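Below is upload16.tsv, which holds TSV, C-alpha atoms and all ligand atoms.
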```tsv
chain	number	residue	atom	x	y	z
A	1	MET	CA	23.33	31.22	0.71
A	2	LEU	CA	23.62	30.72	4.45
A	3	ILE	CA	22.49	27.32	5.68
A	4	ASP	CA	21.59	27.22	9.34
A	5	VAL	CA	21.95	23.95	11.29
A	6	TYR	CA	19.08	24.80	13.64
A	7	THR	CA	16.75	25.33	10.68
A	8	ILE	CA	17.79	21.94	9.26
A	9	ILE	CA	16.94	20.24	12.55
A	10	LEU	CA	13.73	22.23	12.98
A	11	LEU	CA	12.58	21.36	9.45
A	12	PHE	CA	13.32	17.69	10.12
A	13	PHE	CA	10.92	17.72	13.07
A	14	VAL	CA	8.34	19.78	11.19
A	15	GLY	CA	8.59	17.15	8.43
A	16	LEU	CA	8.12	14.33	10.96
A	17	ILE	CA	4.98	15.90	12.39
A	18	ALA	CA	3.50	16.98	9.05
A	19	GLY	CA	4.29	13.56	7.52
A	20	TYR	CA	2.73	11.81	10.50
A	21	LEU	CA	-0.48	13.87	10.18
A	22	CYS	CA	-0.65	13.18	6.44
A	23	ILE	CA	-0.21	9.43	7.00
A	24	ILE	CA	-3.03	9.42	9.57
A	25	LEU	CA	-5.28	11.43	7.23
A	26	ALA	CA	-4.49	9.13	4.29
A	27	LEU	CA	-5.33	6.10	6.44
A	28	LYS	CA	-8.53	7.47	7.93
A	29	LEU	CA	-10.06	9.76	5.29
A	30	PRO	CA	-11.03	6.96	2.89
A	31	LEU	CA	-12.99	5.26	5.69
A	32	ARG	CA	-15.15	8.40	6.07
A	33	LYS	CA	-15.58	7.90	9.81
A	34	LYS	CA	-15.92	10.66	12.36
A	35	GLU	CA	-13.80	11.09	15.57
A	36	TYR	CA	-11.04	8.94	14.28
A	37	VAL	CA	-7.84	10.87	14.10
A	38	ASN	CA	-6.34	10.09	17.49
A	39	ALA	CA	-7.63	6.55	17.99
A	40	CYS	CA	-6.20	3.09	17.28
A	41	ASP	CA	-7.27	1.59	13.95
A	42	HIS	CA	-7.82	-1.77	15.54
A	43	CYS	CA	-9.39	-1.24	19.00
A	44	ASN	CA	-10.57	2.39	18.58
A	45	HIS	CA	-9.02	3.31	21.93
A	46	LYS	CA	-8.16	7.02	22.00
A	47	TYR	CA	-4.48	7.84	22.40
A	48	LYS	CA	-3.10	10.35	24.87
A	49	TRP	CA	-1.13	13.26	23.41
A	50	TYR	CA	2.29	11.75	24.20
A	51	GLN	CA	1.27	8.54	22.44
A	52	LEU	CA	0.91	10.57	19.25
A	53	ILE	CA	4.46	11.90	19.04
A	54	PRO	CA	5.88	10.58	15.76
A	55	LEU	CA	8.79	8.11	15.90
A	56	PHE	CA	9.17	8.53	19.68
A	57	SER	CA	5.81	6.90	20.48
A	58	TYR	CA	6.57	4.09	18.05
A	59	LEU	CA	9.89	3.37	19.77
A	60	MET	CA	8.35	3.61	23.27
A	61	SER	CA	5.52	1.18	22.48
A	62	ARG	CA	7.86	-1.05	20.43
A	63	GLY	CA	5.66	-0.72	17.37
A	64	ARG	CA	2.43	-1.88	19.00
A	65	CYS	CA	-0.78	-0.20	20.13
A	66	PRO	CA	-0.41	0.24	23.94
A	67	TYR	CA	-3.98	-1.01	24.46
A	68	CYS	CA	-4.67	-3.91	22.10
A	69	LYS	CA	-1.02	-4.68	21.17
A	70	ASN	CA	-1.90	-4.60	17.48
A	71	ARG	CA	1.25	-4.16	15.42
A	72	ILE	CA	1.74	-0.74	13.77
A	73	SER	CA	3.32	-1.01	10.33
A	74	LEU	CA	7.01	-0.07	10.28
A	75	MET	CA	6.44	1.21	6.74
A	76	TYR	CA	4.60	4.27	8.08
A	77	VAL	CA	7.45	5.09	10.44
A	78	ILE	CA	9.97	4.82	7.59
A	79	LEU	CA	7.80	7.07	5.37
A	80	ASP	CA	7.52	9.56	8.20
A	81	PHE	CA	11.29	9.56	8.74
A	82	ILE	CA	11.93	10.06	5.00
A	83	CYS	CA	9.49	12.98	5.10
A	84	GLY	CA	11.56	14.68	7.82
A	85	LEU	CA	14.76	14.03	5.84
A	86	LEU	CA	13.32	15.44	2.61
A	87	PHE	CA	12.20	18.63	4.37
A	88	SER	CA	15.76	19.12	5.65
A	89	PHE	CA	17.37	18.26	2.32
A	90	GLY	CA	14.96	20.63	0.55
A	91	TYR	CA	16.30	23.43	2.73
A	92	ILE	CA	19.95	22.37	2.32
A	93	PHE	CA	19.65	22.34	-1.48
A	94	TYR	CA	17.28	25.24	-2.10
A	95	GLY	CA	17.35	27.48	1.00
A	96	PHE	CA	14.20	29.49	1.67
A	97	SER	CA	12.70	29.60	-1.81
A	98	TYR	CA	9.76	28.54	-3.94
A	99	GLU	CA	11.59	25.25	-4.57
A	100	LEU	CA	11.66	24.43	-0.85
A	101	ILE	CA	7.91	25.07	-0.58
A	102	ALA	CA	7.31	22.92	-3.66
A	103	ILE	CA	9.46	20.12	-2.19
A	104	ILE	CA	7.42	20.27	1.04
A	105	ILE	CA	4.12	20.13	-0.89
A	106	LEU	CA	5.30	17.31	-3.18
A	107	THR	CA	6.63	15.30	-0.22
A	108	LEU	CA	3.38	15.54	1.76
A	109	LEU	CA	1.24	14.72	-1.26
A	110	ALA	CA	3.54	11.80	-2.13
A	111	VAL	CA	3.26	10.40	1.40
A	112	MET	CA	-0.54	10.56	1.24
A	113	ILE	CA	-0.67	8.92	-2.20
A	114	TYR	CA	1.74	6.16	-1.15
A	115	VAL	CA	-0.44	5.31	1.84
A	116	SER	CA	-3.93	5.67	0.35
A	117	ASP	CA	-3.18	4.14	-3.06
A	118	PHE	CA	-1.25	1.14	-1.74
A	119	LYS	CA	-3.75	0.47	1.04
A	120	TYR	CA	-7.11	1.36	-0.52
A	121	TYR	CA	-6.39	1.90	-4.24
A	122	VAL	CA	-7.61	5.48	-4.06
A	123	ILE	CA	-6.04	8.85	-4.63
A	124	LEU	CA	-7.95	11.20	-2.38
A	125	ASP	CA	-9.49	14.35	-3.85
A	126	GLU	CA	-9.09	16.51	-0.74
A	127	PRO	CA	-5.26	16.59	-0.59
A	128	LEU	CA	-5.04	16.97	-4.39
A	129	ILE	CA	-7.33	20.01	-4.32
A	130	PHE	CA	-5.63	21.46	-1.23
A	131	PHE	CA	-2.08	21.06	-2.56
A	132	SER	CA	-3.09	22.26	-6.05
A	133	ILE	CA	-4.43	25.49	-4.58
A	134	LEU	CA	-1.28	25.87	-2.44
A	135	ILE	CA	1.14	25.34	-5.33
A	136	LEU	CA	-0.76	27.77	-7.59
A	137	LEU	CA	-0.92	30.33	-4.79
A	138	PHE	CA	2.84	30.16	-4.17
A	139	LYS	CA	3.53	30.38	-7.90
A	140	ALA	CA	1.51	33.60	-7.97
A	141	ILE	CA	3.36	34.95	-4.91
A	142	PHE	CA	6.87	34.09	-6.15
A	143	PHE	CA	6.54	34.52	-9.92
A	144	GLY	CA	3.50	36.73	-10.48
A	145	PHE	CA	0.09	36.51	-12.12
A	146	LYS	CA	1.29	35.52	-15.59
A	147	THR	CA	3.04	32.38	-14.30
A	148	PHE	CA	-0.03	31.57	-12.25
A	149	ILE	CA	-2.25	31.66	-15.35
A	150	ILE	CA	0.26	29.64	-17.42
A	151	SER	CA	0.49	26.98	-14.68
A	152	LEU	CA	-3.29	26.82	-14.35
A	153	CYS	CA	-3.74	26.37	-18.12
A	154	SER	CA	-0.94	23.76	-18.23
A	155	GLY	CA	-2.77	21.70	-15.59
A	156	LEU	CA	-6.05	21.92	-17.50
A	157	LEU	CA	-4.31	20.96	-20.76
A	158	ILE	CA	-2.73	17.90	-19.13
A	159	PHE	CA	-6.14	16.99	-17.70
A	160	ILE	CA	-7.73	17.09	-21.17
A	161	PHE	CA	-4.73	15.23	-22.65
A	162	MET	CA	-5.12	12.43	-20.06
A	163	LEU	CA	-8.89	12.21	-20.68
A	164	ALA	CA	-8.14	11.75	-24.39
A	165	ILE	CA	-5.57	9.02	-23.60
A	166	ARG	CA	-8.09	7.26	-21.37
A	167	TRP	CA	-10.76	7.44	-24.07
A	168	LEU	CA	-8.29	5.94	-26.55
A	169	GLY	CA	-7.14	3.29	-24.04
A	170	ASN	CA	-10.72	2.30	-23.26
A	171	LYS	CA	-11.45	1.91	-26.99
A	172	ILE	CA	-8.36	-0.27	-27.55
A	173	PHE	CA	-8.36	-2.41	-24.38
A	174	LYS	CA	-12.15	-2.44	-23.88
A	175	GLN	CA	-11.73	-1.70	-20.15
A	176	ASP	CA	-10.95	1.24	-17.89
A	177	SER	CA	-7.34	2.03	-18.77
A	178	ILE	CA	-6.53	4.96	-16.45
A	179	GLY	CA	-8.14	5.67	-13.09
A	180	GLY	CA	-9.90	8.99	-12.45
A	181	GLY	CA	-7.54	9.69	-9.53
A	182	ASP	CA	-4.51	9.31	-11.81
A	183	ILE	CA	-5.99	11.83	-14.27
A	184	LYS	CA	-6.55	14.37	-11.50
A	185	LEU	CA	-3.03	13.72	-10.22
A	186	ALA	CA	-1.70	14.39	-13.72
A	187	MET	CA	-3.47	17.76	-13.66
A	188	PHE	CA	-1.50	18.58	-10.51
A	189	PHE	CA	1.67	17.72	-12.48
A	190	GLY	CA	0.68	20.37	-15.02
A	191	PHE	CA	0.33	22.98	-12.26
A	192	VAL	CA	3.81	22.16	-10.92
A	193	LEU	CA	5.84	21.45	-14.05
A	194	GLY	CA	4.04	22.86	-17.09
A	195	VAL	CA	3.03	20.75	-20.09
A	196	ARG	CA	6.34	19.46	-21.47
A	197	LEU	CA	7.91	18.36	-18.18
A	198	SER	CA	4.59	16.88	-17.02
A	199	ILE	CA	4.50	14.57	-20.01
A	200	ILE	CA	8.09	13.54	-19.29
A	201	SER	CA	7.27	12.81	-15.66
A	202	LEU	CA	4.17	10.81	-16.66
A	203	VAL	CA	6.28	8.72	-19.03
A	204	LEU	CA	8.93	8.27	-16.32
A	205	GLY	CA	6.26	7.25	-13.80
A	206	SER	CA	4.92	4.65	-16.23
A	207	PHE	CA	8.44	3.28	-16.72
A	208	LEU	CA	8.88	3.03	-12.95
A	209	ALA	CA	5.61	1.08	-12.71
A	210	PHE	CA	6.67	-1.32	-15.47
A	211	PRO	CA	8.68	-3.81	-13.33
A	212	SER	CA	5.77	-4.09	-10.87
A	213	ALA	CA	3.34	-4.62	-13.74
A	214	ILE	CA	5.50	-7.50	-15.02
A	215	TYR	CA	5.80	-8.93	-11.50
A	216	TYR	CA	2.01	-8.72	-10.97
A	217	SER	CA	1.29	-10.53	-14.21
A	218	LEU	CA	4.04	-13.18	-13.74
A	219	ALA	CA	3.08	-13.87	-10.11
A	220	LYS	CA	-0.58	-13.86	-11.21
A	221	VAL	CA	-1.42	-11.34	-8.51
A	222	ASN	CA	-5.12	-10.77	-9.03
A	223	LYS	CA	-4.98	-7.09	-8.21
A	224	GLU	CA	-4.49	-3.93	-10.19
A	225	ILE	CA	-1.28	-2.00	-9.67
A	226	PRO	CA	-1.62	1.22	-7.70
A	227	PHE	CA	-0.33	3.64	-10.32
A	228	GLY	CA	-0.31	6.82	-8.21
A	229	PRO	CA	2.88	6.13	-6.19
A	230	PHE	CA	4.90	5.57	-9.38
A	231	LEU	CA	3.49	8.68	-11.02
A	232	ILE	CA	4.26	10.91	-8.05
A	233	THR	CA	7.79	9.44	-7.82
A	234	GLY	CA	8.23	10.39	-11.49
A	235	LEU	CA	7.05	13.91	-10.72
A	236	TYR	CA	9.41	14.18	-7.77
A	237	LEU	CA	12.41	13.04	-9.82
A	238	VAL	CA	11.64	15.41	-12.71
A	239	PHE	CA	11.20	18.29	-10.26
A	240	VAL	CA	14.53	17.61	-8.52
A	241	PHE	CA	16.45	17.08	-11.79
A	242	MET	CA	14.57	19.81	-13.67
A	243	GLU	CA	17.65	21.80	-14.75
A	244	PRO	CA	19.58	18.91	-16.39
A	245	ILE	CA	16.35	17.71	-18.05
A	246	LYS	CA	15.62	21.20	-19.39
A	247	SER	CA	19.11	21.61	-20.84
A	248	PHE	CA	18.87	18.12	-22.37
A	249	LEU	CA	15.54	19.10	-23.97
A	250	SER	CA	16.97	22.35	-25.29
A	251	ILE	CA	19.78	20.38	-27.00
A	252	ILE	CA	17.32	17.94	-28.58
A	253	PHE	CA	14.78	20.55	-29.72
A	254	LYS	CA	17.33	23.09	-30.88
B	1	ZN	ZN	-5.35	-0.67	19.64
```
Please go through the file and, once you have read it, give me the structure as structure tokens.
Ligand SMILES: [Zn+2]
Amino acid sequence: MLIDVYTIILLFFVGLIAGYLCIILALKLPLRKKEYVNACDHCNHKYKWYQLIPLFSYLMSRGRCPYCKNRISLMYVILDFICGLLFSFGYIFYGFSYELIAIIILTLLAVMIYVSDFKYYVILDEPLIFFSILILLFKAIFFGFKTFIISLCSGLLIFIFMLAIRWLGNKIFKQDSIGGGDIKLAMFFGFVLGVRLSIISLVLGSFLAFPSAIYYSLAKVNKEIPFGPFLITGLYLVFVFMEPIKSFLSIIFK
């Protein structure tokens, strides 16, 4: 497989721009306001086009809105940068393939979930639906109709499985145990990974959330933990390490 340096650089910048757009959408969509995309959160002043260039505009304005001097979170810039890196690494590891497309989709969805779930405690429906359709479409293109149907059914099965777990959890704990957004996110896992690997990634995501859960209860933080970011990290890890996990499973279930 031939890896081209120009493509690596190009994908890095595509990742920066796409990540930046996804962060803005994840910040603004939950507010359900119109004419918002290119304006400051704080003073509503519209930005000029060059003030919207990812990373560059942040460095030029030293992390503040040029009009009201409100500080822009460094976290978003870091997320954006990681997005660019993951696009490039996706290409380095997988070349032009279904895996690269999946990495791009997973990265953008992860960025949106990190932002919207940490900030507003919501997992937005729009990106989930959009990226679900995309992933199913590319599965059909790369692997054919049969794989498409299997992936679709896997997602629906995981959805029903999660509804059953929530029903059980609600009975036991007498409160809402799993958020609706998390259940829909789990369905997306089914589309990407199939049933078995989805369950593994859900378990992994829960393990990742465990230290935060302990911290929240010890520090008596009176907030619920945003579960989505941990779940999507679990999905990402299982997707990247799919081959070793599959061979491990085949040893166990021999
Ligand atoms: Zn401002």
Minimum-distance residue to Thr147 of chain A, chosen among A:Ala186, A:Val115, A:Leu193, A:Leu16 (using only C-alpha atoms):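 Ranked by minimum distance to Thr147 of chain A, first place goes to A:Leu193.
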Polymer residues at most 12 Å from Leu185 of chain A, all atoms listed in the file, same-chain spacing of 5 or more positions, as number ranges by chain: A: 106, 109-110, 113, 117, 122-129, 131-132, 155-156, 158-159, 162, 178-180, 190-192, 198, 201-202, 205, 227-235
Contacts of ligand ZN 1 (chain B), 6 Å or closer, only C-alpha atoms and all ligand atoms, given as a ChimeraX atom specification: /A:40,42-43,45,65,67-68,70
Residue nearest Ser177 of chain A among A:Ile150, A:Leu134, A:Ile53, A:Ile225 (counting all atoms listed in the file): A:Ile225
Gap from atom CA of Tyr121 of chain A to atom CA of Gly181 of chain A - Å, one decimal: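 Taking atom CA of Tyr121 of chain A as the start and atom CA of Gly181 of chain A as the end point, the length is 9.5 Å.
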Nearest to Arg64 of chain A, chosen from A:Gln51, A:Gly15, A:Gly84, A:Ile101, with all atoms listed in the file counted in the distances: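 Comparing A:Gln51, A:Gly15, A:Gly84, A:Ile101 against Arg64 of chain A, the winner is A:Gln51.
The closest residue to Ile17 of chain A, picked from A:Ile200, A:Ile72, A:Leu79, A:Met60 and counting all atoms listed in the file, is A:Leu79.
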Interatomic distance, atom CA of Ile92 of chain A to atom CA of Ile3 of chain A (Å, one decimal):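 Answer for the atom CA of Ile92 of chain A to atom CA of Ile3 of chain A separation: 6.5 Å.
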Neighbours of Phe96 of chain A within 12 Å (all atoms listed in the file; same-chain residues fewer than 2 positions away dropped), as a CSV table (one decimal) with C-alpha atoms, in the coordinates of the input?
```csv
chain,number,residue,atom,x,y,z
A,1,MET,CA,23.3,31.2,0.7
A,2,LEU,CA,23.6,30.7,4.4
A,3,ILE,CA,22.5,27.3,5.7
A,4,ASP,CA,21.6,27.2,9.3
A,7,THR,CA,16.8,25.3,10.7
A,8,ILE,CA,17.8,21.9,9.3
A,11,LEU,CA,12.6,21.4,9.4
A,87,PHE,CA,12.2,18.6,4.4
A,88,SER,CA,15.8,19.1,5.6
A,89,PHE,CA,17.4,18.3,2.3
A,90,GLY,CA,15.0,20.6,0.6
A,91,TYR,CA,16.3,23.4,2.7
A,92,ILE,CA,20.0,22.4,2.3
A,93,PHE,CA,19.6,22.3,-1.5
A,94,TYR,CA,17.3,25.2,-2.1
A,98,TYR,CA,9.8,28.5,-3.9
A,99,GLU,CA,11.6,25.2,-4.6
A,100,LEU,CA,11.7,24.4,-0.8
A,101,ILE,CA,7.9,25.1,-0.6
A,102,ALA,CA,7.3,22.9,-3.7
A,103,ILE,CA,9.5,20.1,-2.2
A,104,ILE,CA,7.4,20.3,1.0
A,142,PHE,CA,6.9,34.1,-6.2
```
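Take atom CA of Tyr114 of chain A and atom CA of Ala140 of chain A: the distance between them is 28.3 Å.
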